[in-house]
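Working notes, beginning with the structure itself.
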Amino acid sequence: MLTVESLSFDYPGTRALDDVGFTIAPHSITALVGPNGAGKTTLLRCIAALAEPIAGRVLLDGEDVHEDPRAAHRAMGYLSDFFGLYDELTVAQCLRHRAAAQGVAPREQAALVERAAARCGIADRMAQKAGALSRGLRQRLAIAQAILHAPRLVLLDEPASGLDPEARQSLSSLLLELRDEGMTLIVSSHILAELRDYCSDLMIIEGGRLRHHGSVAGDGDEAAQIAVVLELSEERPDLDGLLRGLEGITVLSVSARGARLLTPEAAEARRALLGRLVEAGLPVCGFTVERADLQDAYLAHVRAQGPEAGDDAA
């Protein structure tokens, strides 16, 4: 579906992307995460053929997007972090304008506009000017514009920004629906809680370099991880040091009365972990498990890698 080969991009005095390469499978939702300034937005702009890399290629279904950017744009939907709208146009006019710009045939525009507006919860705002919309409604309109033409690839940079909790839940359902219809999505955010409900793949970028790319759960059942919540009946000030001395686990959080750990999902691994905790003399009163989420996978990778040298990229 999407292949990025040895992609590099420079701003004056800064290497924003450094030899980034990966492949995105079709019909997937990938979380693109990393600290502020990691290079996430620059990567999305290069994929969208809005920024020209100094080296490397971006292939969409085998075609270099920078050789024919207009054709690539017709196959993609892109929402930037800081987007603009035509404030003097109504919601309906904004959507019709985007449909025309994407080359949608006039006879098909009305149906696509209505569907996109309904999906994003703005069907009742069609006559209202974009400039009069609230921040959250403007965000919904921008998302509707990005998906209106049923693109094969959708790139969303901080799509939940400005949305209330109910709208964020609706966004999660919408993205899963788009995936089920055959679209491939890459969603960027530095807030992992916004991604955990719908992303199955995790891509970590830091300092302009790709640090990790894979399934959230791992490469198979044996690699799947679960979070274990450990509770103690009394305080143990030495708990942190004791846990970090155990092999095969990642300490996600810890206090004197308990901890949250990441461990292999296999039942034998869990049994062995509980046995080691009891043998260490810990007064265990709670040992519950839950499947690891996106934030757990990210923290486990970052802690396994340790601190990286180098400055953050733009």
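Within each chain, counting starts at residue 1; across the structure tokens, chains are named A, B, ... in the order shown, with ligands numbered 1 upward in that order.
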Non-local contacts of A:Glu234 (10 Å; only C-alpha atoms; under 3 positions in same chain excluded) as a list in words: Glu231, Pro237, Ala256, Arg257, Gly258, Leu282, Pro283, Val284 and Cys285 of chain A
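Taking atom CA of A:Gln102 as the reference point, atom CA of A:Glu177 is found at 21.7 Å.
Distances here use only C-alpha atoms; by that measure, the residue among A:His212, A:Arg119, A:Arg179, A:Arg276 closest to A:Leu32 is A:His212.
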Residues near A:Ser6, cut-off 10 Å, only C-alpha atoms, skip fewer than 3 positions along chain, as an MDAnalysis selection string: chainID A and resid 3 17:22 53 55:58
Backbone-only DSSP, helix (DSSP H, G or I) members of stretch 16-250 of chain A, as a VMD selection string: chain A and resid 40 to 47 69 to 75 91 to 101 106 to 119 123 to 125 130 to 132 135 to 147 165 to 180 192 to 194 221 to 223 239 to 244
Among listed residues A:Pro12, A:Gly182, A:Pro165, A:Gly121, nearest A:Leu137 (using only C-alpha atoms): A:Gly121
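When only C-alpha atoms are used to measure the gap to A:Glu206, the shortest distance among A:Pro106, A:Tyr298, A:Glu290, A:Glu52 belongs to A:Tyr298.
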Within 6 Å of stretch 260-274 of chain A using only C-alpha atoms, minus same-chain residues under 2 positions, as an NGL selection string: :A and (224-229 or 249-253 or 276-277)
Write out, as JSON lines, each residue of stretch 63-99 of chain A that has an atom at most 10 Å from stretch 145-149 of chain A, together with the closest pair of atoms and their distance in Å to one decimal, counting only C-alpha atoms, rows going by chain and rising number.
```
{"residue": "A:Arg74", "atom": "CA", "partner": "A:His149", "partner_atom": "CA", "distance": 7.9}
{"residue": "A:Ala75", "atom": "CA", "partner": "A:His149", "partner_atom": "CA", "distance": 8.5}
{"residue": "A:Met76", "atom": "CA", "partner": "A:Ala146", "partner_atom": "CA", "distance": 8.1}
{"residue": "A:Gly77", "atom": "CA", "partner": "A:Ala146", "partner_atom": "CA", "distance": 4.5}
{"residue": "A:Tyr78", "atom": "CA", "partner": "A:Ala146", "partner_atom": "CA", "distance": 5.4}
{"residue": "A:Leu79", "atom": "CA", "partner": "A:Ala146", "partner_atom": "CA", "distance": 6.0}
{"residue": "A:Ser80", "atom": "CA", "partner": "A:Ala146", "partner_atom": "CA", "distance": 9.6}
{"residue": "A:Leu85", "atom": "CA", "partner": "A:Gln145", "partner_atom": "CA", "distance": 9.9}
{"residue": "A:Val91", "atom": "CA", "partner": "A:Gln145", "partner_atom": "CA", "distance": 9.9}
{"residue": "A:Cys94", "atom": "CA", "partner": "A:Gln145", "partner_atom": "CA", "distance": 7.8}
{"residue": "A:Leu95", "atom": "CA", "partner": "A:Gln145", "partner_atom": "CA", "distance": 5.9}
{"residue": "A:Arg96", "atom": "CA", "partner": "A:Gln145", "partner_atom": "CA", "distance": 9.0}
{"residue": "A:His97", "atom": "CA", "partner": "A:Gln145", "partner_atom": "CA", "distance": 9.2}
{"residue": "A:Arg98", "atom": "CA", "partner": "A:Gln145", "partner_atom": "CA", "distance": 6.2}
{"residue": "A:Ala99", "atom": "CA", "partner": "A:His149", "partner_atom": "CA", "distance": 6.5}
```
For all heavy atoms, I'd like the residues from the last selection saved as a compact mmCIF listing (two decimals), in the first residue's frame.
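The resulting selection_8.txt:
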```
# COMPACT_ATOMS: atom_id res chain seq x y z
N ARG A 74 -5.37 13.11 -5.16
CA ARG A 74 -6.69 12.55 -5.41
C ARG A 74 -6.88 11.21 -4.70
O ARG A 74 -8.00 10.80 -4.43
CB ARG A 74 -6.93 12.39 -6.91
CG ARG A 74 -7.17 13.73 -7.63
CD ARG A 74 -7.65 13.53 -9.05
NE ARG A 74 -6.62 12.99 -9.90
CZ ARG A 74 -5.74 13.72 -10.58
NH1 ARG A 74 -5.77 15.05 -10.48
NH2 ARG A 74 -4.82 13.16 -11.35
N ALA A 75 -5.77 10.52 -4.42
CA ALA A 75 -5.84 9.22 -3.75
C ALA A 75 -5.72 9.32 -2.24
O ALA A 75 -5.84 8.32 -1.54
CB ALA A 75 -4.73 8.31 -4.30
N MET A 76 -5.45 10.53 -1.74
CA MET A 76 -5.21 10.73 -0.31
C MET A 76 -6.20 11.72 0.29
O MET A 76 -6.74 12.59 -0.40
CB MET A 76 -3.81 11.30 -0.07
CG MET A 76 -2.66 10.41 -0.44
SD MET A 76 -1.11 11.25 0.04
CE MET A 76 0.08 10.23 -0.81
N GLY A 77 -6.38 11.58 1.59
CA GLY A 77 -7.03 12.60 2.39
C GLY A 77 -6.04 13.07 3.43
O GLY A 77 -5.38 12.23 4.06
N TYR A 78 -5.91 14.38 3.61
CA TYR A 78 -4.89 14.90 4.54
C TYR A 78 -5.50 15.99 5.41
O TYR A 78 -6.11 16.92 4.90
CB TYR A 78 -3.70 15.45 3.75
CG TYR A 78 -2.65 16.12 4.61
CD1 TYR A 78 -1.92 15.40 5.54
CD2 TYR A 78 -2.40 17.49 4.49
CE1 TYR A 78 -0.96 16.01 6.33
CE2 TYR A 78 -1.44 18.12 5.28
CZ TYR A 78 -0.73 17.37 6.20
OH TYR A 78 0.22 17.97 6.99
N LEU A 79 -5.32 15.84 6.72
CA LEU A 79 -5.71 16.88 7.66
C LEU A 79 -4.47 17.33 8.40
O LEU A 79 -3.84 16.56 9.12
CB LEU A 79 -6.73 16.34 8.67
CG LEU A 79 -7.09 17.29 9.81
CD1 LEU A 79 -7.85 18.51 9.28
CD2 LEU A 79 -7.91 16.58 10.88
N SER A 80 -4.11 18.59 8.22
CA SER A 80 -2.94 19.12 8.90
C SER A 80 -3.30 19.55 10.32
O SER A 80 -4.48 19.76 10.65
CB SER A 80 -2.36 20.31 8.13
OG SER A 80 -3.29 21.38 8.11
N LEU A 85 -9.74 27.13 6.74
CA LEU A 85 -11.04 26.98 6.11
C LEU A 85 -11.41 28.30 5.44
O LEU A 85 -10.90 29.36 5.82
CB LEU A 85 -12.11 26.61 7.13
CG LEU A 85 -11.95 25.28 7.87
CD1 LEU A 85 -13.00 25.17 8.98
CD2 LEU A 85 -12.05 24.10 6.92
N VAL A 91 -20.77 25.66 5.30
CA VAL A 91 -20.26 24.29 5.42
C VAL A 91 -20.49 23.52 4.11
O VAL A 91 -19.59 22.84 3.60
CB VAL A 91 -20.93 23.57 6.60
CG1 VAL A 91 -20.63 22.06 6.57
CG2 VAL A 91 -20.47 24.18 7.92
N CYS A 94 -18.06 24.74 1.46
CA CYS A 94 -16.70 24.24 1.72
C CYS A 94 -16.56 22.80 1.22
O CYS A 94 -15.55 22.44 0.59
CB CYS A 94 -16.39 24.31 3.21
SG CYS A 94 -16.05 25.96 3.85
N LEU A 95 -17.55 21.98 1.51
CA LEU A 95 -17.48 20.58 1.11
C LEU A 95 -17.60 20.42 -0.40
O LEU A 95 -16.89 19.60 -1.01
CB LEU A 95 -18.56 19.78 1.83
CG LEU A 95 -18.38 19.66 3.35
CD1 LEU A 95 -19.58 18.99 3.99
CD2 LEU A 95 -17.10 18.89 3.69
N ARG A 96 -18.48 21.20 -1.03
CA ARG A 96 -18.60 21.12 -2.49
C ARG A 96 -17.32 21.61 -3.16
O ARG A 96 -16.88 21.05 -4.18
CB ARG A 96 -19.81 21.93 -2.96
CG ARG A 96 -21.14 21.30 -2.64
CD ARG A 96 -22.26 21.88 -3.51
NE ARG A 96 -22.47 23.30 -3.26
CZ ARG A 96 -23.32 23.79 -2.36
NH1 ARG A 96 -24.03 22.97 -1.61
NH2 ARG A 96 -23.46 25.09 -2.20
N HIS A 97 -16.71 22.64 -2.60
CA HIS A 97 -15.45 23.15 -3.15
C HIS A 97 -14.37 22.08 -3.07
O HIS A 97 -13.62 21.86 -4.02
CB HIS A 97 -15.02 24.39 -2.40
CG HIS A 97 -13.71 24.96 -2.87
ND1 HIS A 97 -12.49 24.57 -2.33
CD2 HIS A 97 -13.42 25.88 -3.83
CE1 HIS A 97 -11.53 25.22 -2.93
NE2 HIS A 97 -12.06 26.03 -3.84
N ARG A 98 -14.28 21.39 -1.92
CA ARG A 98 -13.27 20.34 -1.79
C ARG A 98 -13.55 19.19 -2.76
O ARG A 98 -12.62 18.62 -3.35
CB ARG A 98 -13.25 19.81 -0.35
CG ARG A 98 -12.27 18.65 -0.15
CD ARG A 98 -10.83 19.00 -0.53
NE ARG A 98 -10.31 20.06 0.29
CZ ARG A 98 -9.63 19.86 1.42
NH1 ARG A 98 -9.41 18.64 1.85
NH2 ARG A 98 -9.17 20.88 2.10
N ALA A 99 -14.80 18.83 -2.93
CA ALA A 99 -15.15 17.76 -3.87
C ALA A 99 -14.71 18.12 -5.28
O ALA A 99 -14.12 17.30 -6.00
CB ALA A 99 -16.65 17.49 -3.82
```
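Using only C-alpha atoms, the shortest contact distance between A:Ala48 and any of A:Phe9, A:Leu133, A:Val154, A:Gly208 is found at A:Val154.
Minimum atom-to-atom distance to A:Ala167, evaluated using only C-alpha atoms, belongs to A:Gly136 out of A:Gly62, A:Gly136, A:Gly34, A:Pro151.
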Gap from atom CA of A:Ala49 to atom CA of A:Ala71 - Å, one decimal: 10.1 Å
Close residues, A:Phe82 itself excluded, 12 Å, only C-alpha atoms, min 5 positions apart in chain, as a list in words: Thr41, Arg135, Arg138, Gln139, Ala142, Leu156, Asp157, Glu158, Pro159, Ser161 and Gly162 of chain A
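The space separating atom CA of A:His190 from atom CA of A:Ala38 comes to 9.8 Å.
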Members of stretch 93-213 of chain A assigned strand (DSSP E) by DSSP, as a PyMOL selection string: chain A and resi 153-157+184-188+201-206+209-213
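With distances restricted to only C-alpha atoms, A:Asp87 is the closest residue to A:Ala132 from A:Glu247, A:Asp87, A:Asp201, A:Asp68.
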Selection near A:Ala123, 9 Å with only C-alpha atoms, sequence-local residues under 6 positions removed, as a PyMOL selection string: chain A and resi 91-92+114-117
